[in-house]
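Next comes query_5.cif, a file with mmCIF, C-alpha atoms.
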```cif
data_model
#
loop_
_atom_site.label_atom_id
_atom_site.label_comp_id
_atom_site.auth_asym_id
_atom_site.auth_seq_id
_atom_site.Cartn_x
_atom_site.Cartn_y
_atom_site.Cartn_z
CA MET A 1 -28.70 -32.29 -18.07
CA LEU A 2 -26.86 -30.43 -15.34
CA LEU A 3 -23.19 -29.60 -15.76
CA THR A 4 -20.79 -31.61 -13.61
CA PRO A 5 -18.26 -29.84 -11.39
CA SER A 6 -15.41 -30.94 -13.69
CA GLU A 7 -17.21 -29.57 -16.72
CA ILE A 8 -17.68 -26.27 -14.92
CA ARG A 9 -14.03 -26.22 -13.91
CA LEU A 10 -13.00 -26.78 -17.50
CA LYS A 11 -15.17 -23.89 -18.64
CA VAL A 12 -13.37 -21.64 -16.17
CA LYS A 13 -10.00 -22.82 -17.47
CA THR A 14 -10.92 -22.18 -21.09
CA ILE A 15 -12.96 -19.00 -20.87
CA LYS A 16 -14.21 -18.05 -24.32
CA SER A 17 -16.79 -15.35 -23.79
CA LEU A 18 -14.72 -12.72 -22.03
CA PRO A 19 -12.46 -11.28 -24.75
CA THR A 20 -10.77 -8.87 -22.36
CA LEU A 21 -9.49 -11.82 -20.37
CA SER A 22 -7.36 -12.98 -23.27
CA GLY A 23 -4.42 -11.34 -24.96
CA VAL A 24 -2.74 -8.62 -22.91
CA VAL A 25 -4.48 -9.52 -19.70
CA LYS A 26 -3.75 -13.24 -20.01
CA ARG A 27 -0.11 -12.45 -20.68
CA LEU A 28 0.00 -10.25 -17.62
CA CYS A 29 -1.50 -12.69 -15.22
CA ILE A 30 -0.25 -16.01 -16.33
CA LYS A 31 3.08 -15.33 -17.98
CA VAL A 32 4.52 -12.35 -16.13
CA ASP A 33 6.74 -13.29 -13.25
CA SER A 34 6.65 -10.42 -10.76
CA GLU A 35 10.07 -11.42 -9.43
CA THR A 36 11.87 -10.71 -12.68
CA THR A 37 9.65 -8.12 -14.36
CA SER A 38 9.87 -4.46 -13.40
CA PHE A 39 6.85 -2.31 -12.65
CA ALA A 40 7.64 -0.26 -15.74
CA GLU A 41 7.49 -3.36 -17.93
CA VAL A 42 4.24 -4.54 -16.32
CA ALA A 43 2.74 -1.07 -16.77
CA LYS A 44 3.70 -1.21 -20.46
CA ILE A 45 1.84 -4.50 -20.87
CA ILE A 46 -1.30 -3.17 -19.21
CA CYS A 47 -1.21 0.08 -21.18
CA LYS A 48 -1.23 -1.83 -24.48
CA ASP A 49 -4.98 -1.98 -23.85
CA GLN A 50 -5.73 1.69 -23.33
CA VAL A 51 -9.40 1.18 -22.50
CA LEU A 52 -8.49 -1.33 -19.81
CA ALA A 53 -5.72 0.91 -18.44
CA ALA A 54 -8.18 3.79 -18.16
CA LYS A 55 -10.60 1.61 -16.19
CA VAL A 56 -7.79 0.49 -13.89
CA LEU A 57 -6.93 4.11 -13.13
CA LYS A 58 -10.57 4.98 -12.57
CA ILE A 59 -10.82 2.20 -9.97
CA VAL A 60 -7.50 3.16 -8.36
CA ASN A 61 -8.67 6.76 -8.02
CA SER A 62 -12.07 5.82 -6.60
CA PRO A 63 -13.07 5.93 -2.89
CA VAL A 64 -12.24 2.21 -2.70
CA TYR A 65 -8.60 3.08 -2.10
CA GLY A 66 -8.99 6.56 -0.67
CA PHE A 67 -5.85 8.11 -2.09
CA SER A 68 -5.93 11.83 -1.56
CA GLY A 69 -3.95 12.73 -4.65
CA ARG A 70 -4.73 11.62 -8.16
CA ILE A 71 -2.84 8.61 -9.54
CA ALA A 72 -2.20 9.43 -13.16
CA THR A 73 -0.27 6.43 -14.40
CA VAL A 74 -0.47 2.65 -14.13
CA ASN A 75 3.21 2.65 -13.16
CA HIS A 76 2.44 4.85 -10.18
CA ALA A 77 -0.45 2.55 -9.22
CA LEU A 78 1.96 -0.40 -9.29
CA VAL A 79 4.44 1.44 -7.08
CA LEU A 80 1.74 2.35 -4.54
CA LEU A 81 -0.27 -0.87 -4.56
CA GLY A 82 2.07 -3.61 -5.71
CA PHE A 83 1.72 -6.22 -8.42
CA SER A 84 -0.89 -8.50 -6.80
CA VAL A 85 -3.34 -5.73 -6.03
CA VAL A 86 -2.98 -4.20 -9.49
CA LYS A 87 -3.44 -7.65 -11.02
CA GLY A 88 -6.67 -7.94 -9.04
CA ILE A 89 -7.77 -4.49 -10.20
CA VAL A 90 -6.99 -5.40 -13.83
CA LEU A 91 -9.17 -8.52 -13.48
CA SER A 92 -11.95 -6.46 -11.96
CA ALA A 93 -11.67 -3.79 -14.68
CA ALA A 94 -11.74 -6.48 -17.38
CA ILE A 95 -15.12 -7.80 -16.24
CA ILE A 96 -17.01 -4.63 -15.27
CA GLU A 97 -19.05 -4.41 -18.44
CA TYR A 98 -19.99 -8.09 -18.19
CA MET A 99 -20.89 -7.63 -14.55
CA CYS A 100 -23.34 -4.91 -15.48
CA LYS A 101 -24.87 -7.07 -18.23
CA CYS A 102 -25.16 -10.28 -16.16
CA LEU A 103 -26.84 -8.96 -13.06
CA VAL A 104 -28.23 -5.50 -12.58
CA GLY A 105 -26.70 -4.01 -9.47
CA LEU A 106 -23.80 -6.46 -9.22
CA TRP A 107 -21.12 -3.86 -10.02
CA GLU A 108 -22.61 -1.47 -7.45
CA HIS A 109 -22.69 -4.29 -4.91
CA SER A 110 -19.04 -5.20 -5.61
CA LEU A 111 -17.91 -1.58 -5.38
CA GLY A 112 -19.88 -1.23 -2.15
CA VAL A 113 -18.27 -4.34 -0.65
CA ALA A 114 -14.82 -3.02 -1.66
CA VAL A 115 -15.46 0.30 0.08
CA ALA A 116 -16.96 -1.40 3.15
CA ALA A 117 -14.00 -3.80 3.33
CA ASP A 118 -11.58 -0.88 3.16
CA ARG A 119 -13.32 0.95 6.00
CA ILE A 120 -13.55 -2.19 8.17
CA ALA A 121 -9.89 -2.98 7.52
CA ARG A 122 -8.78 0.54 8.40
CA THR A 123 -10.96 0.67 11.52
CA LEU A 124 -9.34 -2.56 12.70
CA GLY A 125 -5.85 -1.39 11.77
CA VAL A 126 -5.36 -4.31 9.40
CA LYS A 127 -2.12 -4.37 7.38
CA ASP A 128 -2.41 -3.61 3.64
CA PRO A 129 -6.10 -2.72 3.55
CA GLU A 130 -5.83 -2.25 -0.26
CA GLU A 131 -5.53 -6.01 -0.70
CA VAL A 132 -8.68 -6.55 1.32
CA SER A 133 -10.68 -3.99 -0.63
CA THR A 134 -9.48 -5.48 -3.93
CA ALA A 135 -10.79 -8.83 -2.70
CA GLY A 136 -14.10 -7.02 -2.18
CA LEU A 137 -14.17 -5.93 -5.82
CA LEU A 138 -13.58 -9.52 -6.90
CA HIS A 139 -15.58 -11.54 -4.38
CA ASP A 140 -18.53 -12.19 -6.72
CA LEU A 141 -16.39 -12.76 -9.81
CA GLY A 142 -17.86 -16.25 -10.11
CA LYS A 143 -21.32 -14.81 -10.82
CA VAL A 144 -19.96 -13.10 -13.92
CA ILE A 145 -18.34 -16.33 -15.13
CA ILE A 146 -21.67 -18.12 -14.70
CA GLY A 147 -23.48 -15.33 -16.51
CA VAL A 148 -21.20 -15.31 -19.56
CA GLU A 149 -19.82 -18.83 -19.83
CA MET A 150 -22.91 -20.73 -18.67
CA ARG A 151 -25.71 -18.47 -19.79
CA ARG A 152 -28.41 -21.11 -19.78
CA GLU A 153 -27.51 -22.26 -16.26
CA GLY A 154 -27.22 -18.64 -15.17
CA GLN A 155 -30.77 -17.97 -16.27
CA TRP A 156 -31.99 -21.11 -14.48
CA VAL A 157 -30.31 -19.89 -11.29
CA LEU A 158 -32.15 -16.56 -11.52
CA ASN A 159 -35.41 -18.40 -12.16
CA GLU A 160 -34.87 -20.59 -9.07
CA VAL A 161 -34.23 -17.50 -6.95
CA ARG A 162 -37.43 -15.91 -8.15
CA ASN A 163 -39.68 -18.99 -8.11
CA TRP A 164 -38.53 -20.50 -4.83
CA LYS A 165 -37.56 -17.32 -2.99
CA ILE A 166 -34.15 -18.67 -2.12
CA PRO A 167 -30.72 -17.00 -2.06
CA PHE A 168 -28.60 -16.99 -5.22
CA VAL A 169 -26.03 -19.31 -3.61
CA GLU A 170 -28.72 -21.91 -2.78
CA ALA A 171 -30.07 -21.75 -6.31
CA GLU A 172 -26.54 -22.25 -7.66
CA LYS A 173 -26.10 -25.40 -5.58
CA ARG A 174 -29.27 -26.83 -7.14
CA ILE A 175 -28.45 -25.92 -10.73
CA LEU A 176 -24.67 -26.38 -10.70
CA ASN A 177 -24.43 -29.68 -8.87
CA GLY A 178 -23.31 -28.19 -5.59
CA VAL A 179 -20.85 -25.72 -7.18
CA THR A 180 -21.26 -22.03 -6.34
CA HIS A 181 -19.87 -18.72 -7.56
CA ALA A 182 -17.42 -18.87 -4.65
CA GLU A 183 -15.66 -21.97 -6.04
CA ILE A 184 -15.88 -20.75 -9.60
CA GLY A 185 -14.32 -17.42 -8.67
CA SER A 186 -11.58 -19.17 -6.73
CA TRP A 187 -10.76 -21.38 -9.74
CA LEU A 188 -10.28 -18.30 -11.86
CA ALA A 189 -8.21 -16.68 -9.11
CA GLU A 190 -6.04 -19.80 -9.18
CA GLU A 191 -5.64 -19.53 -12.99
CA TRP A 192 -4.55 -15.97 -12.45
CA LYS A 193 -2.10 -16.88 -9.67
CA LEU A 194 -3.71 -14.40 -7.27
CA PRO A 195 -2.30 -14.56 -3.70
CA ALA A 196 -4.26 -16.13 -0.82
CA ARG A 197 -5.34 -12.76 0.52
CA LEU A 198 -7.29 -12.19 -2.69
CA SER A 199 -8.31 -15.76 -3.53
CA GLU A 200 -9.43 -16.99 -0.09
CA PRO A 201 -12.04 -14.23 0.39
CA ILE A 202 -13.37 -15.06 -3.09
CA ALA A 203 -13.54 -18.76 -2.21
CA PHE A 204 -14.84 -18.51 1.36
CA HIS A 205 -16.82 -15.28 1.77
CA HIS A 206 -19.98 -17.38 2.37
CA ASN A 207 -18.13 -19.84 4.58
CA PRO A 208 -15.34 -17.95 6.37
CA ARG A 209 -14.35 -21.00 8.45
CA GLY A 210 -12.92 -22.51 5.27
CA ALA A 211 -10.09 -19.96 5.03
CA SER A 212 -6.63 -20.94 6.18
CA SER A 213 -3.90 -18.38 5.54
CA ALA A 214 -6.18 -15.37 5.00
CA LYS A 215 -8.76 -15.77 7.78
CA GLU A 216 -8.82 -12.05 8.58
CA ALA A 217 -9.31 -10.82 5.00
CA THR A 218 -11.97 -13.50 4.44
CA ALA A 219 -13.81 -12.54 7.62
CA ILE A 220 -13.79 -8.90 6.51
CA ILE A 221 -15.24 -9.69 3.07
CA HIS A 222 -17.85 -12.00 4.67
CA LEU A 223 -18.94 -9.14 6.92
CA ALA A 224 -18.68 -6.43 4.25
CA ASP A 225 -20.87 -8.47 1.89
CA ILE A 226 -23.55 -8.81 4.58
CA LEU A 227 -23.43 -5.14 5.61
CA ILE A 228 -23.69 -3.91 2.02
CA ARG A 229 -26.68 -6.19 1.41
CA ALA A 230 -28.21 -5.00 4.70
CA LEU A 231 -27.77 -1.39 3.57
CA GLN A 232 -29.54 -2.28 0.32
CA PHE A 233 -26.76 -0.96 -1.91
CA GLY A 234 -26.62 -2.66 -5.30
CA SER A 235 -27.66 -6.30 -5.70
CA GLY A 236 -26.02 -9.68 -5.21
CA GLY A 237 -28.77 -11.44 -7.18
CA ASP A 238 -31.30 -11.92 -4.40
CA PRO A 239 -32.89 -9.73 -1.70
CA TYR A 240 -31.77 -11.81 1.29
CA ILE A 241 -29.32 -10.99 4.06
CA PRO A 242 -27.02 -13.95 4.74
CA GLN A 243 -26.38 -15.33 8.23
CA ILE A 244 -23.49 -13.55 9.94
CA ASP A 245 -21.00 -16.22 10.94
CA GLY A 246 -19.99 -15.63 14.56
CA PHE A 247 -16.60 -17.06 13.63
CA ALA A 248 -15.92 -14.01 11.45
CA LEU A 249 -16.74 -11.69 14.34
CA GLU A 250 -14.39 -13.70 16.57
CA VAL A 251 -11.54 -13.53 14.06
CA LEU A 252 -11.95 -9.77 13.84
CA ASP A 253 -12.55 -9.38 17.57
CA LEU A 254 -15.82 -7.55 16.91
CA LYS A 255 -18.99 -7.56 18.98
CA MET A 256 -22.47 -7.15 17.50
CA GLY A 257 -22.63 -3.67 19.03
CA ASP A 258 -19.56 -2.63 17.00
CA LEU A 259 -21.55 -3.18 13.83
CA ALA A 260 -23.69 -0.10 14.52
CA GLY A 261 -20.66 2.15 14.19
CA LEU A 262 -19.50 0.32 11.07
CA LEU A 263 -22.91 0.69 9.46
CA ASP A 264 -22.70 4.45 10.01
CA VAL A 265 -19.19 4.80 8.61
CA ILE A 266 -20.03 2.66 5.59
CA ALA A 267 -23.39 4.34 4.93
CA ASP A 268 -21.61 7.72 4.92
CA GLU A 269 -19.22 6.48 2.25
CA LEU A 270 -21.97 4.95 0.13
CA GLU A 271 -23.93 8.19 0.01
CA GLY A 272 -21.22 9.94 -1.92
CA LEU A 273 -20.22 6.96 -4.04
CA ASP A 274 -20.62 7.46 -7.77
CA THR A 275 -20.91 3.99 -9.29
CA SER A 276 -21.34 5.13 -12.87
CA GLY A 277 -18.71 5.78 -15.50
CA PHE A 278 -16.56 2.70 -14.87
CA ALA A 279 -17.79 0.46 -17.68
CA MET B 1 -29.98 20.53 12.09
CA GLN B 2 -29.89 18.74 8.76
CA ARG B 3 -27.15 16.61 7.26
CA LEU B 4 -27.04 17.69 3.63
CA PRO B 5 -25.24 16.14 0.68
CA ILE B 6 -22.78 18.62 -0.81
CA HIS B 7 -24.85 19.31 -3.90
CA LEU B 8 -27.69 20.74 -1.79
CA LEU B 9 -25.55 23.28 0.05
CA LYS B 10 -26.29 26.92 -0.70
CA PRO B 11 -24.50 30.14 0.29
CA GLY B 12 -25.93 31.58 3.48
CA MET B 13 -26.42 28.23 5.21
CA GLN B 14 -24.83 28.04 8.64
CA VAL B 15 -22.57 25.13 9.55
CA ALA B 16 -23.81 23.36 12.70
CA LYS B 17 -20.95 20.86 13.11
CA GLU B 18 -17.36 21.66 12.14
CA VAL B 19 -16.20 20.01 8.94
CA ARG B 20 -12.97 18.04 9.14
CA ASN B 21 -10.99 16.24 6.46
CA ASP B 22 -9.73 12.65 6.79
CA ASN B 23 -6.66 13.84 8.70
CA GLY B 24 -8.80 15.59 11.30
CA ILE B 25 -7.94 19.08 10.10
CA VAL B 26 -10.82 21.52 10.46
CA LEU B 27 -11.89 22.85 7.07
CA VAL B 28 -14.90 24.88 8.21
CA SER B 29 -15.57 25.74 11.83
CA GLU B 30 -18.90 25.49 13.66
CA ASN B 31 -21.27 28.44 13.12
CA ALA B 32 -19.43 29.60 9.98
CA THR B 33 -21.67 30.82 7.19
CA LEU B 34 -21.08 29.10 3.88
CA ASP B 35 -20.31 30.99 0.68
CA GLU B 36 -19.77 29.82 -2.91
CA LYS B 37 -16.00 29.62 -2.53
CA MET B 38 -16.20 27.49 0.63
CA ILE B 39 -18.76 25.11 -0.88
CA SER B 40 -16.63 24.71 -3.98
CA ARG B 41 -13.52 24.06 -1.90
CA LEU B 42 -15.33 21.44 0.22
CA GLU B 43 -16.47 19.69 -2.92
CA ASN B 44 -12.95 19.63 -4.34
CA MET B 45 -11.67 18.15 -1.09
CA GLY B 46 -14.09 15.25 -1.38
CA ILE B 47 -16.37 16.24 1.51
CA ARG B 48 -19.72 14.55 0.95
CA LYS B 49 -22.01 15.77 3.71
CA VAL B 50 -22.25 18.85 5.91
CA VAL B 51 -24.47 19.36 8.95
CA VAL B 52 -26.21 22.75 8.78
CA SER B 53 -28.39 24.61 11.28
CA GLY B 54 -32.13 24.68 11.03
CA CYS B 55 -34.02 22.92 8.29
CA PRO B 56 -33.22 24.84 5.11
CA VAL B 57 -34.17 22.01 2.76
CA GLU B 58 -37.84 21.12 2.96
CA ASN B 59 -38.77 17.70 1.59
CA LEU B 60 -35.20 16.45 1.89
CA ALA B 61 -36.84 13.03 1.70
CA ASP B 62 -37.67 13.73 -1.95
CA TYR B 63 -33.96 13.66 -2.74
CA GLN B 64 -33.57 10.19 -1.30
CA PRO B 65 -34.23 7.24 -3.61
CA LYS B 66 -36.13 5.04 -1.11
CA SER B 67 -38.49 6.08 1.66
CA LEU B 68 -37.95 4.83 5.20
CA SER B 69 -40.98 2.51 5.00
CA GLU B 70 -39.68 1.10 1.72
CA LYS B 71 -36.28 0.47 3.33
CA LEU B 72 -37.88 -1.21 6.33
CA ALA B 73 -40.12 -3.35 4.11
CA ASP B 74 -37.08 -4.42 2.07
CA MET B 75 -35.29 -5.10 5.33
CA ASP B 76 -38.10 -7.48 6.37
CA THR B 77 -37.70 -9.30 3.06
CA GLY B 78 -33.96 -9.34 3.65
CA PHE B 79 -34.37 -11.20 6.92
CA SER B 80 -37.08 -13.55 5.67
CA TYR B 81 -34.75 -16.36 4.60
CA VAL B 82 -32.16 -16.41 7.37
CA LYS B 83 -32.84 -18.44 10.52
CA LYS B 84 -34.20 -16.47 13.46
CA ASN B 85 -31.31 -16.89 15.85
CA ALA B 86 -30.11 -14.51 18.55
CA LEU B 87 -27.27 -13.08 16.46
CA MET B 88 -29.48 -12.12 13.53
CA GLN B 89 -32.27 -10.87 15.83
CA ARG B 90 -29.76 -8.46 17.34
CA PHE B 91 -28.47 -7.45 13.96
CA ARG B 92 -32.00 -6.76 12.78
CA VAL B 93 -32.67 -4.44 15.74
CA LEU B 94 -29.39 -2.66 15.09
CA LEU B 95 -30.12 -2.24 11.40
CA LYS B 96 -33.65 -0.95 11.98
CA ASP B 97 -32.31 1.58 14.44
CA HIS B 98 -29.71 2.62 11.87
CA PHE B 99 -32.32 3.28 9.18
CA ILE B 100 -34.64 5.16 11.53
CA ARG B 101 -31.84 7.28 12.94
CA ARG B 102 -30.45 8.19 9.50
CA ASN B 103 -33.93 9.10 8.38
CA GLN B 104 -34.41 11.36 11.37
CA GLU B 105 -31.08 13.05 10.73
CA MET B 106 -32.08 13.62 7.16
CA LEU B 107 -35.41 15.15 8.10
CA GLY B 108 -33.70 17.43 10.61
CA GLU B 109 -35.42 15.80 13.57
CA ILE B 110 -32.30 16.00 15.66
CA ASP B 111 -32.57 18.14 18.76
CA ASP B 112 -30.24 21.09 18.13
CA LYS B 113 -29.41 21.77 21.76
CA ALA B 114 -29.06 18.32 23.28
CA GLY B 115 -27.43 16.86 20.18
CA GLY B 116 -29.53 13.77 20.79
CA VAL B 117 -32.41 12.26 18.94
CA LEU B 118 -36.06 13.11 19.58
CA GLU B 119 -38.49 10.31 20.31
CA VAL B 120 -38.22 7.51 17.79
CA LYS B 121 -40.92 7.92 15.15
CA ASP B 122 -41.76 4.49 13.85
CA PRO B 123 -43.40 4.83 10.41
CA GLY B 124 -45.84 2.04 11.30
CA PRO B 125 -45.94 -1.76 11.12
CA ALA B 126 -44.08 -3.35 8.23
CA LYS B 127 -45.98 -5.46 5.67
CA SER B 128 -45.62 -8.92 7.17
CA ALA B 129 -45.18 -9.70 10.84
CA GLN B 130 -42.12 -11.89 11.27
CA GLU B 131 -42.05 -12.62 14.99
#
```
Structure encoded using structure tokens:
Amino acid sequence: MLLTPSEIRLKVKTIKSLPTLSGVVKRLCIKVDSETTSFAEVAKIICKDQVLAAKVLKIVNSPVYGFSGRIATVNHALVLLGFSVVKGIVLSAAIIEYMCKCLVGLWEHSLGVAVAADRIARTLGVKDPEEVSTAGLLHDLGKVIIGVEMRREGQWVLNEVRNWKIPFVEAEKRILNGVTHAEIGSWLAEEWKLPARLSEPIAFHHNPRGASSAKEATAIIHLADILIRALQFGSGGDPYIPQIDGFALEVLDLKMGDLAGLLDVIADELEGLDTSGFA
Amino acid sequence: MQRLPIHLLKPGMQVAKEVRNDNGIVLVSENATLDEKMISRLENMGIRKVVVSGCPVENLADYQPKSLSEKLADMDTGFSYVKKNALMQRFRVLLKDHFIRRNQEMLGEIDDKAGGVLEVKDPGPAKSAQE
């Protein structure tokens, strides 16, 4: 019996198998109102979980954000990046170990997409590139939810990929009644009150035409995902390169020829990228 | 010339292309000879690759996880599901060129004087013909 979309949505709402997403983290994302809470108070909440705080700082100090100096405190990270971005990083940090367990190579892929998104955003002179790269870290969040909350279905999806030689997202549609990791991730982003610039790339990175208020960020993540897969860095769950949507290139005012330069810049970054030591 | 990852640099190697940081400031000028202190400083500044003269590292390919033919074979698999439209055909050509060029740079097959690339050495036909 396949799960219905509403059953899947309920599982996302009531996540049981990701302990780090409860307690401190839940309080941070659902109850804290960034309008009335100071950075210092938010930092205090995050630092209650020292392991999580350490992971957040490791991510903040990684090539994803390209800060030249070292950011030593969560408070400083909040000042530099803002509440939404740090919230996104906290979510990413909370699921790293599950990412590594669910799908070998998924963390590397996500880190790669974050770095690629950052470089694309900076090359294009996009405002607040840190938001875009954080969306890169989170874009495949839904795959982790499937892997931990719907383990049986998750295994069936992997079997479909292997047996039918189809992309992960196609296998998901078959096993999850048309629902994919993109929707699932966006439902969690909604639970966490993430802004459009983080949630739309999660929801629409396979279908960038679906974005409304964050078309540019979504187009960047769509492209970054494809380039990282093309460069064979990490794994998204299948060996296939998705179709580049010409719409994304239009939104970003990029020609196919521009991709050669981007591949070089991104490949340079990936060569020095140390993906270990985050979990 | 060879483009070496920082951990393969050794004192005595000569820099073939000046090394700049993200702000465009020159850290090591062209033709400088590297010493321990300079290598250490470059590493601390987050520099990941340096282009050196000649071909001081034999078998640089051994330090790379996948061979060029493996990358190209995986690339063929990568394109095997997507529809063969003009956009993806162009992307495929671009990507193949990228892998071949990077491989040539790594093996030091870049013409020192002209700064261009010697004739493209295709490692041979990939496993399954797609077109």
(request) Carefully work through the PyMOL selection byres ((chain B) within 8 of (chain A)) for this structure and note down the residues it includes, as number ranges by chain. (result) B: 5, 48, 71, 74-75, 77-83, 87-88, 90-91, 94-95, 98
(request) Write out as number ranges by chain the residues lying within 7 Å of range 86-92 of chain A, counting only C-alpha atoms and excluding same-chain residues fewer than 6 positions away. (result) A: 29, 56, 78, 134, 137-138
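Selection check: the PyMOL selection byres ((chain A and resi 61) around 12) on the shown file gives Ala54, Lys55, Val56, Leu57, Lys58, Ile59, Val60, Ser62, Pro63, Val64, Tyr65, Gly66, Phe67, Ser68, Gly69, Arg70, Ile71, Ala72, Thr73, Val74, His76, Ala77, Leu80, Leu81, Ile89, Asp274 and Phe278 of chain A.
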(message) List as number ranges by chain the protein and nucleic acid residues near Asn31 in chain B, meaning an atom at most 12 Å away when only C-alpha atoms are counted, but skip any in the same chain fewer than 2 places from it.
(response) B: 1, 12-19, 28-29, 33-34, 51-54
Size and centre in Å, one decimal, axis-aligned box, all listed range 106-119 of chain A atoms plus 6 Å per side, as AutoDock Vina command-line options:
```
--center_x -17.7 --center_y -2.8 --center_z -2.0 --size_x 24.2 --size_y 19.4 --size_z 28.0
```
(request) For CA of Leu2 in chain A and CA of Ile175 in chain A, determine how far apart the two atoms are, in Å to one decimal place. (result) 6.6 Å
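Rounded to one decimal, CA of Glu172 in chain A and CA of Leu18 in chain A lie 20.9 Å from each other.
If you look at CA of Glu160 in chain A and CA of Lys16 in chain A, they are 25.8 Å away from each other.
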(message) Which residues, named as in the file, does the PyMOL selection byres ((chain A and resi 223) around 10) pick out? Answer as number ranges by chain.
(response) A: 113, 116-117, 120, 205-206, 208, 217-222, 224-229, 242-245, 248-249, 252, 259
Any idea what's packed within 12 Å of Ser17 in chain A, counting only C-alpha atoms, ignoring anything in its chain fewer than 4 positions away? Could you give it as a tab-separated table (two decimals) with C-alpha atoms, in the frame of the given file?
```
chain	number	residue	atom	x	y	z
A	11	LYS	CA	-15.17	-23.89	-18.64
A	12	VAL	CA	-13.37	-21.64	-16.17
A	13	LYS	CA	-10.00	-22.82	-17.47
A	21	LEU	CA	-9.49	-11.82	-20.37
A	22	SER	CA	-7.36	-12.98	-23.27
A	95	ILE	CA	-15.12	-7.80	-16.24
A	98	TYR	CA	-19.99	-8.09	-18.19
A	144	VAL	CA	-19.96	-13.10	-13.92
A	145	ILE	CA	-18.34	-16.33	-15.13
A	146	ILE	CA	-21.67	-18.12	-14.70
A	147	GLY	CA	-23.48	-15.33	-16.51
A	148	VAL	CA	-21.20	-15.31	-19.56
A	149	GLU	CA	-19.82	-18.83	-19.83
A	150	MET	CA	-22.91	-20.73	-18.67
A	151	ARG	CA	-25.71	-18.47	-19.79
```
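Between Arg162 in chain A and the residues A:Gly142, A:Gln50, A:Val265, A:Gly237, the shortest atom-to-atom distance, using only C-alpha atoms, involves A:Gly237.
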(request) Please provide the set of residues having any atom within 12 Å of Leu27 in chain B, restricted to all atoms listed in the file, with same-chain residues fewer than 5 positions apart removed, written as a list of chain:residue names. (result) B:Val15, B:Lys17, B:Glu18, B:Val19, B:Arg20, B:Asn21, B:Asp22, B:Ala32, B:Leu34, B:Met38, B:Ile39, B:Arg41, B:Leu42, B:Glu43, B:Asn44, B:Met45, B:Gly46, B:Ile47, B:Val50
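The closest residue to Leu52 in chain A, picked from A:Ala135, A:Val126, A:Ala279, A:Leu141 and counting all atoms listed in the file, is A:Ala279.
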(request) For each of A:Leu106, A:Met1, A:Ile8, A:Leu124, take the minimum atom-to-atom distance to Glu183 in chain A, counting only C-alpha atoms, then give the residue where this is smallest. (result) A:Ile8
